[in-house]
Structure formats: structure tokens, C-alpha cells
$ cat entry-v8.cif   # mmCIF, C-alpha atoms and all ligand atoms
data_final
loop_
_atom_site.group_PDB
_atom_site.id
_atom_site.type_symbol
_atom_site.label_atom_id
_atom_site.label_comp_id
_atom_site.auth_asym_id
_atom_site.auth_seq_id
_atom_site.Cartn_x
_atom_site.Cartn_y
_atom_site.Cartn_z
ATOM 1 C CA MET K 1 -119.242 16.078 12.130
ATOM 2 C CA GLN K 2 -122.095 13.564 12.270
ATOM 3 C CA THR K 3 -121.304 10.076 13.489
ATOM 4 C CA SER K 4 -122.883 7.159 15.279
ATOM 5 C CA LYS K 5 -119.867 6.838 17.542
ATOM 6 C CA THR K 6 -120.584 6.698 21.277
ATOM 7 C CA ILE K 7 -118.031 7.609 23.910
ATOM 8 C CA GLY K 8 -118.767 6.790 27.533
ATOM 9 C CA VAL K 9 -118.117 8.796 30.668
ATOM 10 C CA LEU K 10 -117.690 6.760 33.846
ATOM 11 C CA ALA K 11 -120.556 8.038 35.984
ATOM 12 C CA LEU K 12 -119.850 6.859 39.518
ATOM 13 C CA GLN K 13 -118.927 10.299 40.866
ATOM 14 C CA GLY K 14 -117.558 13.585 39.532
ATOM 15 C CA ALA K 15 -117.831 15.887 36.505
ATOM 16 C CA VAL K 16 -119.938 13.643 34.277
ATOM 17 C CA THR K 17 -122.546 15.877 32.630
ATOM 18 C CA GLU K 18 -119.942 18.448 31.575
ATOM 19 C CA HIS K 19 -117.967 15.789 29.695
ATOM 20 C CA ILE K 20 -121.098 14.492 27.987
ATOM 21 C CA ALA K 21 -121.968 18.040 26.894
ATOM 22 C CA ALA K 22 -118.407 18.542 25.574
ATOM 23 C CA LEU K 23 -118.568 15.266 23.603
ATOM 24 C CA GLU K 24 -121.927 16.130 22.085
ATOM 25 C CA ALA K 25 -120.696 19.623 21.202
ATOM 26 C CA ALA K 26 -117.805 17.929 19.397
ATOM 27 C CA GLY K 27 -120.239 15.826 17.343
ATOM 28 C CA VAL K 28 -120.272 12.394 18.998
ATOM 29 C CA ARG K 29 -122.745 10.743 21.327
ATOM 30 C CA GLY K 30 -121.806 10.828 25.003
ATOM 31 C CA ARG K 31 -123.191 8.301 27.445
ATOM 32 C CA ALA K 32 -123.028 8.099 31.233
ATOM 33 C CA VAL K 33 -121.714 4.649 32.234
ATOM 34 C CA LYS K 34 -122.880 3.335 35.593
ATOM 35 C CA ARG K 35 -122.621 -0.426 35.048
ATOM 36 C CA LYS K 36 -119.755 -2.358 33.506
ATOM 37 C CA GLU K 37 -122.106 -3.976 30.976
ATOM 38 C CA GLU K 38 -122.567 -0.524 29.449
ATOM 39 C CA LEU K 39 -118.937 -0.532 28.269
ATOM 40 C CA GLU K 40 -119.735 -3.051 25.504
ATOM 41 C CA ASP K 41 -120.429 -0.893 22.492
ATOM 42 C CA LEU K 42 -118.347 2.175 23.334
ATOM 43 C CA SER K 43 -115.587 3.538 21.108
ATOM 44 C CA GLY K 44 -113.778 5.061 24.082
ATOM 45 C CA LEU K 45 -114.211 6.038 27.714
ATOM 46 C CA ILE K 46 -113.533 9.152 29.775
ATOM 47 C CA LEU K 47 -112.704 8.828 33.469
ATOM 48 C CA PRO K 48 -113.815 12.212 34.810
ATOM 49 C CA GLY K 49 -112.486 14.503 37.497
ATOM 50 C CA GLY K 50 -113.939 14.189 40.957
ATOM 51 C CA GLU K 51 -112.593 12.427 44.027
ATOM 52 C CA SER K 52 -110.304 9.595 43.018
ATOM 53 C CA THR K 53 -110.629 7.757 46.353
ATOM 54 C CA ALA K 54 -114.432 7.741 46.092
ATOM 55 C CA ILE K 55 -114.419 6.767 42.406
ATOM 56 C CA GLY K 56 -111.834 4.034 43.086
ATOM 57 C CA LYS K 57 -113.979 2.488 45.839
ATOM 58 C CA LEU K 58 -117.086 2.532 43.657
ATOM 59 C CA MET K 59 -115.122 1.023 40.765
ATOM 60 C CA GLU K 60 -114.131 -1.866 43.024
ATOM 61 C CA ARG K 61 -117.667 -2.307 44.272
ATOM 62 C CA TYR K 62 -119.222 -2.446 40.808
ATOM 63 C CA GLY K 63 -116.606 -4.664 39.205
ATOM 64 C CA PHE K 64 -115.111 -1.965 37.001
ATOM 65 C CA VAL K 65 -111.462 -2.699 37.809
ATOM 66 C CA PRO K 66 -111.166 -5.941 35.808
ATOM 67 C CA ALA K 67 -113.670 -4.688 33.213
ATOM 68 C CA LEU K 68 -111.674 -1.523 32.563
ATOM 69 C CA ARG K 69 -108.419 -3.475 32.256
ATOM 70 C CA VAL K 70 -110.017 -5.477 29.456
ATOM 71 C CA PHE K 71 -111.526 -2.342 27.910
ATOM 72 C CA ALA K 72 -108.265 -0.393 27.972
ATOM 73 C CA ALA K 73 -106.368 -3.213 26.300
ATOM 74 C CA ARG K 74 -108.142 -2.363 23.044
ATOM 75 C CA ARG K 75 -109.896 0.973 23.279
ATOM 76 C CA PRO K 76 -108.925 4.541 24.152
ATOM 77 C CA VAL K 77 -109.349 5.845 27.682
ATOM 78 C CA PHE K 78 -108.968 9.478 28.726
ATOM 79 C CA GLY K 79 -108.402 10.144 32.436
ATOM 80 C CA THR K 80 -108.955 13.752 33.476
ATOM 81 C CA CYS K 81 -107.744 14.971 36.872
ATOM 82 C CA ALA K 82 -108.995 12.264 39.294
ATOM 83 C CA GLY K 83 -109.158 10.041 36.201
ATOM 84 C CA MET K 84 -105.390 10.516 35.771
ATOM 85 C CA VAL K 85 -104.934 9.237 39.337
ATOM 86 C CA LEU K 86 -107.113 6.194 38.579
ATOM 87 C CA LEU K 87 -105.065 5.206 35.522
ATOM 88 C CA ALA K 88 -101.640 5.716 37.096
ATOM 89 C CA GLN K 89 -99.319 2.922 38.161
ATOM 90 C CA ASN K 90 -99.840 4.056 41.772
ATOM 91 C CA GLY K 91 -103.623 4.337 41.315
ATOM 92 C CA PRO K 92 -106.372 1.694 41.481
ATOM 93 C CA LEU K 93 -106.213 0.671 37.797
ATOM 94 C CA GLY K 94 -102.420 0.788 37.426
ATOM 95 C CA LEU K 95 -102.722 0.838 33.634
ATOM 96 C CA MET K 96 -100.414 3.660 32.609
ATOM 97 C CA ASP K 97 -96.689 3.851 33.178
ATOM 98 C CA ILE K 98 -96.827 7.068 35.212
ATOM 99 C CA LYS K 99 -96.564 7.852 38.899
ATOM 100 C CA VAL K 100 -98.782 10.709 39.965
ATOM 101 C CA ARG K 101 -98.870 12.992 42.946
ATOM 102 C CA ARG K 102 -102.354 13.940 44.112
ATOM 103 C CA ASN K 103 -103.256 17.551 44.955
ATOM 104 C CA ALA K 104 -99.769 18.315 43.745
ATOM 105 C CA PHE K 105 -99.962 22.064 43.245
ATOM 106 C CA GLY K 106 -100.623 22.712 46.942
ATOM 107 C CA ARG K 107 -102.987 24.981 48.823
ATOM 108 C CA GLN K 108 -101.716 28.187 47.276
ATOM 109 C CA ARG K 109 -102.840 26.984 43.903
ATOM 110 C CA GLU K 110 -105.864 24.807 44.676
ATOM 111 C CA SER K 111 -107.586 26.047 41.536
ATOM 112 C CA PHE K 112 -105.992 27.986 38.732
ATOM 113 C CA GLU K 113 -105.985 28.508 35.018
ATOM 114 C CA ALA K 114 -102.918 28.261 32.845
ATOM 115 C CA ASP K 115 -102.281 28.675 29.146
ATOM 116 C CA LEU K 116 -100.504 25.494 28.126
ATOM 117 C CA GLN K 117 -98.111 25.000 25.267
ATOM 118 C CA VAL K 118 -99.264 21.659 23.931
ATOM 119 C CA LYS K 119 -96.813 19.774 21.740
ATOM 120 C CA ASP K 120 -97.477 20.449 18.045
ATOM 121 C CA TRP K 121 -100.418 22.778 18.725
ATOM 122 C CA PRO K 122 -99.964 26.240 17.250
ATOM 123 C CA ALA K 123 -101.997 28.190 19.836
ATOM 124 C CA PRO K 124 -101.923 27.969 23.639
ATOM 125 C CA TYR K 125 -104.594 25.862 25.322
ATOM 126 C CA PRO K 126 -106.431 27.349 28.329
ATOM 127 C CA ALA K 127 -106.552 24.742 31.101
ATOM 128 C CA VAL K 128 -108.510 24.743 34.372
ATOM 129 C CA PHE K 129 -106.833 22.969 37.288
ATOM 130 C CA ILE K 130 -108.818 22.024 40.423
ATOM 131 C CA ARG K 131 -106.882 20.318 43.235
ATOM 132 C CA ALA K 132 -104.965 18.777 40.402
ATOM 133 C CA PRO K 133 -102.418 15.971 40.345
ATOM 134 C CA TYR K 134 -99.283 16.028 38.225
ATOM 135 C CA ILE K 135 -97.039 13.329 36.844
ATOM 136 C CA GLU K 136 -93.992 12.750 39.025
ATOM 137 C CA SER K 137 -92.348 10.195 36.783
ATOM 138 C CA ALA K 138 -93.154 8.515 33.499
ATOM 139 C CA GLY K 139 -91.856 5.508 31.601
ATOM 140 C CA ARG K 140 -90.246 5.653 28.174
ATOM 141 C CA SER K 141 -93.414 4.783 26.315
ATOM 142 C CA VAL K 142 -95.183 7.844 27.719
ATOM 143 C CA GLU K 143 -95.174 10.993 25.623
ATOM 144 C CA VAL K 144 -95.448 14.216 27.633
ATOM 145 C CA LEU K 145 -97.595 16.712 25.703
ATOM 146 C CA ALA K 146 -97.683 19.682 28.119
ATOM 147 C CA GLN K 147 -96.150 20.821 31.396
ATOM 148 C CA VAL K 148 -96.699 23.398 34.142
ATOM 149 C CA ASP K 149 -93.616 24.566 36.045
ATOM 150 C CA GLY K 150 -91.713 21.629 34.581
ATOM 151 C CA HIS K 151 -94.298 19.070 35.736
ATOM 152 C CA PRO K 152 -96.103 16.972 33.111
ATOM 153 C CA VAL K 153 -99.858 17.691 33.087
ATOM 154 C CA LEU K 154 -100.865 16.143 29.756
ATOM 155 C CA ALA K 155 -99.480 12.851 28.497
ATOM 156 C CA ARG K 156 -100.224 9.914 26.253
ATOM 157 C CA GLN K 157 -99.187 6.271 26.219
ATOM 158 C CA LYS K 158 -100.592 4.579 23.104
ATOM 159 C CA ASN K 159 -104.377 4.512 23.628
ATOM 160 C CA LEU K 160 -104.275 6.114 27.079
ATOM 161 C CA LEU K 161 -104.494 9.884 27.501
ATOM 162 C CA VAL K 162 -104.322 11.750 30.806
ATOM 163 C CA SER K 163 -104.711 15.383 31.800
ATOM 164 C CA SER K 164 -104.234 16.971 35.222
ATOM 165 C CA PHE K 165 -106.851 19.553 34.304
ATOM 166 C CA HIS K 166 -110.519 19.651 33.280
ATOM 167 C CA PRO K 167 -110.890 19.941 29.479
ATOM 168 C CA GLU K 168 -114.693 19.841 29.771
ATOM 169 C CA LEU K 169 -114.847 23.136 31.673
ATOM 170 C CA THR K 170 -113.573 25.458 28.977
ATOM 171 C CA GLY K 171 -115.060 26.268 25.600
ATOM 172 C CA ASP K 172 -111.882 25.044 23.880
ATOM 173 C CA ALA K 173 -112.846 21.723 22.295
ATOM 174 C CA ARG K 174 -109.410 20.773 20.967
ATOM 175 C CA LEU K 175 -108.536 18.187 23.579
ATOM 176 C CA THR K 176 -111.950 16.486 23.423
ATOM 177 C CA ALA K 177 -111.519 16.440 19.627
ATOM 178 C CA TYR K 178 -108.008 14.985 20.040
ATOM 179 C CA PHE K 179 -109.419 12.130 22.129
ATOM 180 C CA ILE K 180 -112.207 11.518 19.618
ATOM 181 C CA GLY K 181 -109.438 11.308 17.013
ATOM 182 C CA MET K 182 -107.747 8.592 19.095
ATOM 183 C CA THR K 183 -110.932 6.519 18.881
ATOM 184 C CA GLU K 184 -110.638 6.688 15.100
ATOM 185 C CA GLN K 185 -107.069 5.343 15.117
ATOM 186 C CA VAL K 186 -107.706 2.363 17.387
ATOM 187 C CA SER K 187 -109.838 -0.444 16.010
ATOM 188 C CA CYS K 188 -112.450 -1.994 18.229
HETATM 189 N N1 LIG L 1 -107.799 15.924 44.111
HETATM 190 C C1 LIG L 1 -108.689 14.997 43.501
HETATM 191 C C2 LIG L 1 -108.217 13.556 43.683
HETATM 192 O O1 LIG L 1 -107.056 13.302 43.851
HETATM 193 C C3 LIG L 1 -108.812 15.279 42.024
HETATM 194 C C4 LIG L 1 -109.509 16.593 41.819
HETATM 195 C C5 LIG L 1 -110.235 16.694 40.541
HETATM 196 O O2 LIG L 1 -110.520 15.702 39.888
HETATM 197 N N2 LIG L 1 -110.583 17.904 40.193
HETATM 198 O O3 LIG L 1 -109.044 12.699 43.649
#
$ encode --input "entry-v8.cif" --output "C-alpha cells" --more "lines below"
Ligand code: GLN
Amino acid sequence: MQTSKTIGVLALQGAVTEHIAALEAAGVRGRAVKRKEELEDLSGLILPGGESTAIGKLMERYGFVPALRVFAARRPVFGTCAGMVLLAQNGPLGLMDIKVRRNAFGRQRESFEADLQVKDWPAPYPAVFIRAPYIESAGRSVEVLAQVDGHPVLARQKNLLVSSFHPELTGDARLTAYFIGMTEQVSC
């Protein structure tokens, strides 16, 4: 796939370069976004894993909170791990109708891999969880796409996608490709 599409990765803290590599491997341009002005010409944005408290503070400091509310009104946003926390109703952006619990899998399972059954996907998806959150409750407009132990870990609400895990850390490009597909459905 060759395209001029550019998808941004919020680059205040966290797993930025891995997401950019995953986007480029999937055939689109990936760009680290450090200033809100750099959101302008993007087809979509990934909020990476990292430390949600640190990223949230930096987002406030650099004016990203109002800018991302405007951005997410029209374009796709994918929050992975800490990014899920940022998008949640009980997180700093409050954009998605989910309540999340941080570090929800506890000390016994700080980091783990799980083969997920993703809705409508024929083969299991290998997912890497690192001090991951999960969704405690979700509104009616949220579609749960995968669960671990009965807890939602992948969900979508219109143009917003969230995963508890790190899709950029495995060789399986299906979820990155799914998000790129979302940028094709939403006009901008
Ligand atoms: N536990 C982190 C937080 O709540 C998220 C961890 C991660 O992104 N891998 O910010």
C-alpha cells in the first residue's frame, strides 16, 4: 500500500518510535507530534502507551487538551494502554464513554501476553499487556471488540479506538491496519 496519508503519534512521553515504525511498516507515514500545531494535516492520531499521569500533565502544559477535543470531533484517535486512560471519561480528555481502571491486572500480572479473540477476526491476536488498564464500564455506543477474563481490553466508539495492550510491540499488524482503515472511513 502506497499512500500520502500521515498519521501522528503524540510524542510527549512513552512508546512513540515503535508506533511510528508499525505505521510505516503498514504503508503510511508516521509522524511524532510534539506541538499542537502539528495536528493540522494528520489523518489520525495515536496516543501511545507510557505513563498516563505524565502524558496528561504535558498535554495540559502544551495546550493539547482543547486541541485534541477539536481533533477527535472529526478524526480517528487510537489510545493504546496509557492512551486508553487519557481518552476515558475518568481520564484527562474525557472523550470516550468508558470508565477505566489503571494498572488493573495487578502485580501478579504486571506484564503478560494473551491471545485475544477479536470480534469478527478469524485468527487469535497476540497482545502484550504492560501494567495495563481495562475498561470497567462502557456506554451503549461503545462496541467491545475483545476481552481478557471478562474485562474489555479493546473497544471502539465511532472514531475512537482504545486498547489496553501495546499493538506496536508485536509483529502482528492487524490492529494498526484496522486503525488505518478507520482513517479511510472518516472524512477530514
Ligand atoms: N500504567 C500506565 C498508566 O496508567 C500505563 C502503562 C502503559 O501504557 N504500558 O499510565
$ closest_residue --input "entry-v8.cif" --among "K:Ala127, K:Leu116, K:Ala22, K:Val142" --to "K:Ile7" --atoms "all atoms listed in the file"
K:Ala22
$ residues_near_ligand --input "entry-v8.cif" --ligand "ligand LIG 1 (chain L)" --cutoff "9 Å" --atoms "all atoms listed in the file" --output "ChimeraX atom specification"
/K:14-15,48-55,80-86,101-104,111,129-133,164-166
$ resolve_selection --input "entry-v8.cif" --expression "the PyMOL selection byres (((chain K and resi 92) around 12) and not hetatm)" --output "short mmCIF file (atom, residue, chain, number, x, y, z; two decimals) with C-alpha atoms, in the coordinates of the input"
data_model
loop_
_atom_site.label_atom_id
_atom_site.label_comp_id
_atom_site.auth_asym_id
_atom_site.auth_seq_id
_atom_site.Cartn_x
_atom_site.Cartn_y
_atom_site.Cartn_z
CA SER K 52 -110.30 9.60 43.02
CA THR K 53 -110.63 7.76 46.35
CA ALA K 54 -114.43 7.74 46.09
CA ILE K 55 -114.42 6.77 42.41
CA GLY K 56 -111.83 4.03 43.09
CA LYS K 57 -113.98 2.49 45.84
CA LEU K 58 -117.09 2.53 43.66
CA MET K 59 -115.12 1.02 40.76
CA GLU K 60 -114.13 -1.87 43.02
CA PHE K 64 -115.11 -1.96 37.00
CA VAL K 65 -111.46 -2.70 37.81
CA PRO K 66 -111.17 -5.94 35.81
CA LEU K 68 -111.67 -1.52 32.56
CA ARG K 69 -108.42 -3.48 32.26
CA ALA K 82 -109.00 12.26 39.29
CA GLY K 83 -109.16 10.04 36.20
CA MET K 84 -105.39 10.52 35.77
CA VAL K 85 -104.93 9.24 39.34
CA LEU K 86 -107.11 6.19 38.58
CA LEU K 87 -105.06 5.21 35.52
CA ALA K 88 -101.64 5.72 37.10
CA GLN K 89 -99.32 2.92 38.16
CA ASN K 90 -99.84 4.06 41.77
CA GLY K 91 -103.62 4.34 41.32
CA LEU K 93 -106.21 0.67 37.80
CA GLY K 94 -102.42 0.79 37.43
CA LEU K 95 -102.72 0.84 33.63
CA MET K 96 -100.41 3.66 32.61
CA LYS K 99 -96.56 7.85 38.90
CA VAL K 100 -98.78 10.71 39.97
#
$ resolve_selection --input "entry-v8.cif" --expression "the PyMOL selection byres (((chain K and resi 154) around 8) and not hetatm)" --output "tab-separated table (two decimals) with C-alpha atoms, in the coordinates of the input"
chain	number	residue	atom	x	y	z
K	144	VAL	CA	-95.45	14.22	27.63
K	145	LEU	CA	-97.60	16.71	25.70
K	146	ALA	CA	-97.68	19.68	28.12
K	147	GLN	CA	-96.15	20.82	31.40
K	152	PRO	CA	-96.10	16.97	33.11
K	153	VAL	CA	-99.86	17.69	33.09
K	155	ALA	CA	-99.48	12.85	28.50
K	156	ARG	CA	-100.22	9.91	26.25
K	161	LEU	CA	-104.49	9.88	27.50
K	162	VAL	CA	-104.32	11.75	30.81
K	163	SER	CA	-104.71	15.38	31.80
K	164	SER	CA	-104.23	16.97	35.22
$ atom_distance --input "entry-v8.cif" --atom1 "atom CA of K:Leu47" --atom2 "atom CA of K:Val16"
8.7 Å
$ axis_aligned_box --input "entry-v8.cif" --around "stretch 99-115 of chain K" --padding-each-side "6 Å" --output "JSON"
{"center_x": -102.1, "center_y": 18.3, "center_z": 39.0, "size_x": 23.0, "size_y": 32.8, "size_z": 31.7}
$ resolve_selection --input "entry-v8.cif" --expression "the PyMOL selection byres (((chain K and resi 77) around 10) and not hetatm)" --output "list in words"
Ile7, Gly8, Val9, Ser43, Gly44, Leu45, Ile46, Leu47, Leu68, Phe71, Ala72, Ala73, Arg74, Arg75, Pro76, Phe78, Gly79, Thr80, Gly83, Leu87, Lys158, Asn159, Leu160, Leu161, Val162, Phe179, Met182 and Thr183 of chain K
$ atom_distance --input "entry-v8.cif" --atom1 "atom CA of K:Glu38" --atom2 "atom CA of K:Ala11"
11.0 Å
$ closest_residue --input "entry-v8.cif" --among "K:Ala138, K:Leu12, K:Val33, K:Val118" --to "K:Gln157" --atoms "all atoms listed in the file"
K:Ala138
$ atom_distance --input "entry-v8.cif" --atom1 "atom CA of K:Pro124" --atom2 "atom CA of K:Arg31"
29.2 Å
$ residues_around --input "entry-v8.cif" --residues "K:Ala25" --least-positions-apart "3" --cutoff "12 Å" --atoms "all atoms listed in the file" --output "list in words"
Met1, Gln2, Glu18, His19, Ile20, Ala21, Ala22, Val28, Arg29, Gly30, Glu168, Gly171, Asp172, Ala173, Arg174, Thr176, Ala177 and Ile180 of chain K
$ residues_near_point --input "entry-v8.cif" --point "(-123.4, -3.5, 33.6)" --cutoff "10 Å" --atoms "only C-alpha atoms" --output "PyMOL selection string"
chain K and resi 33-40+62-64+67
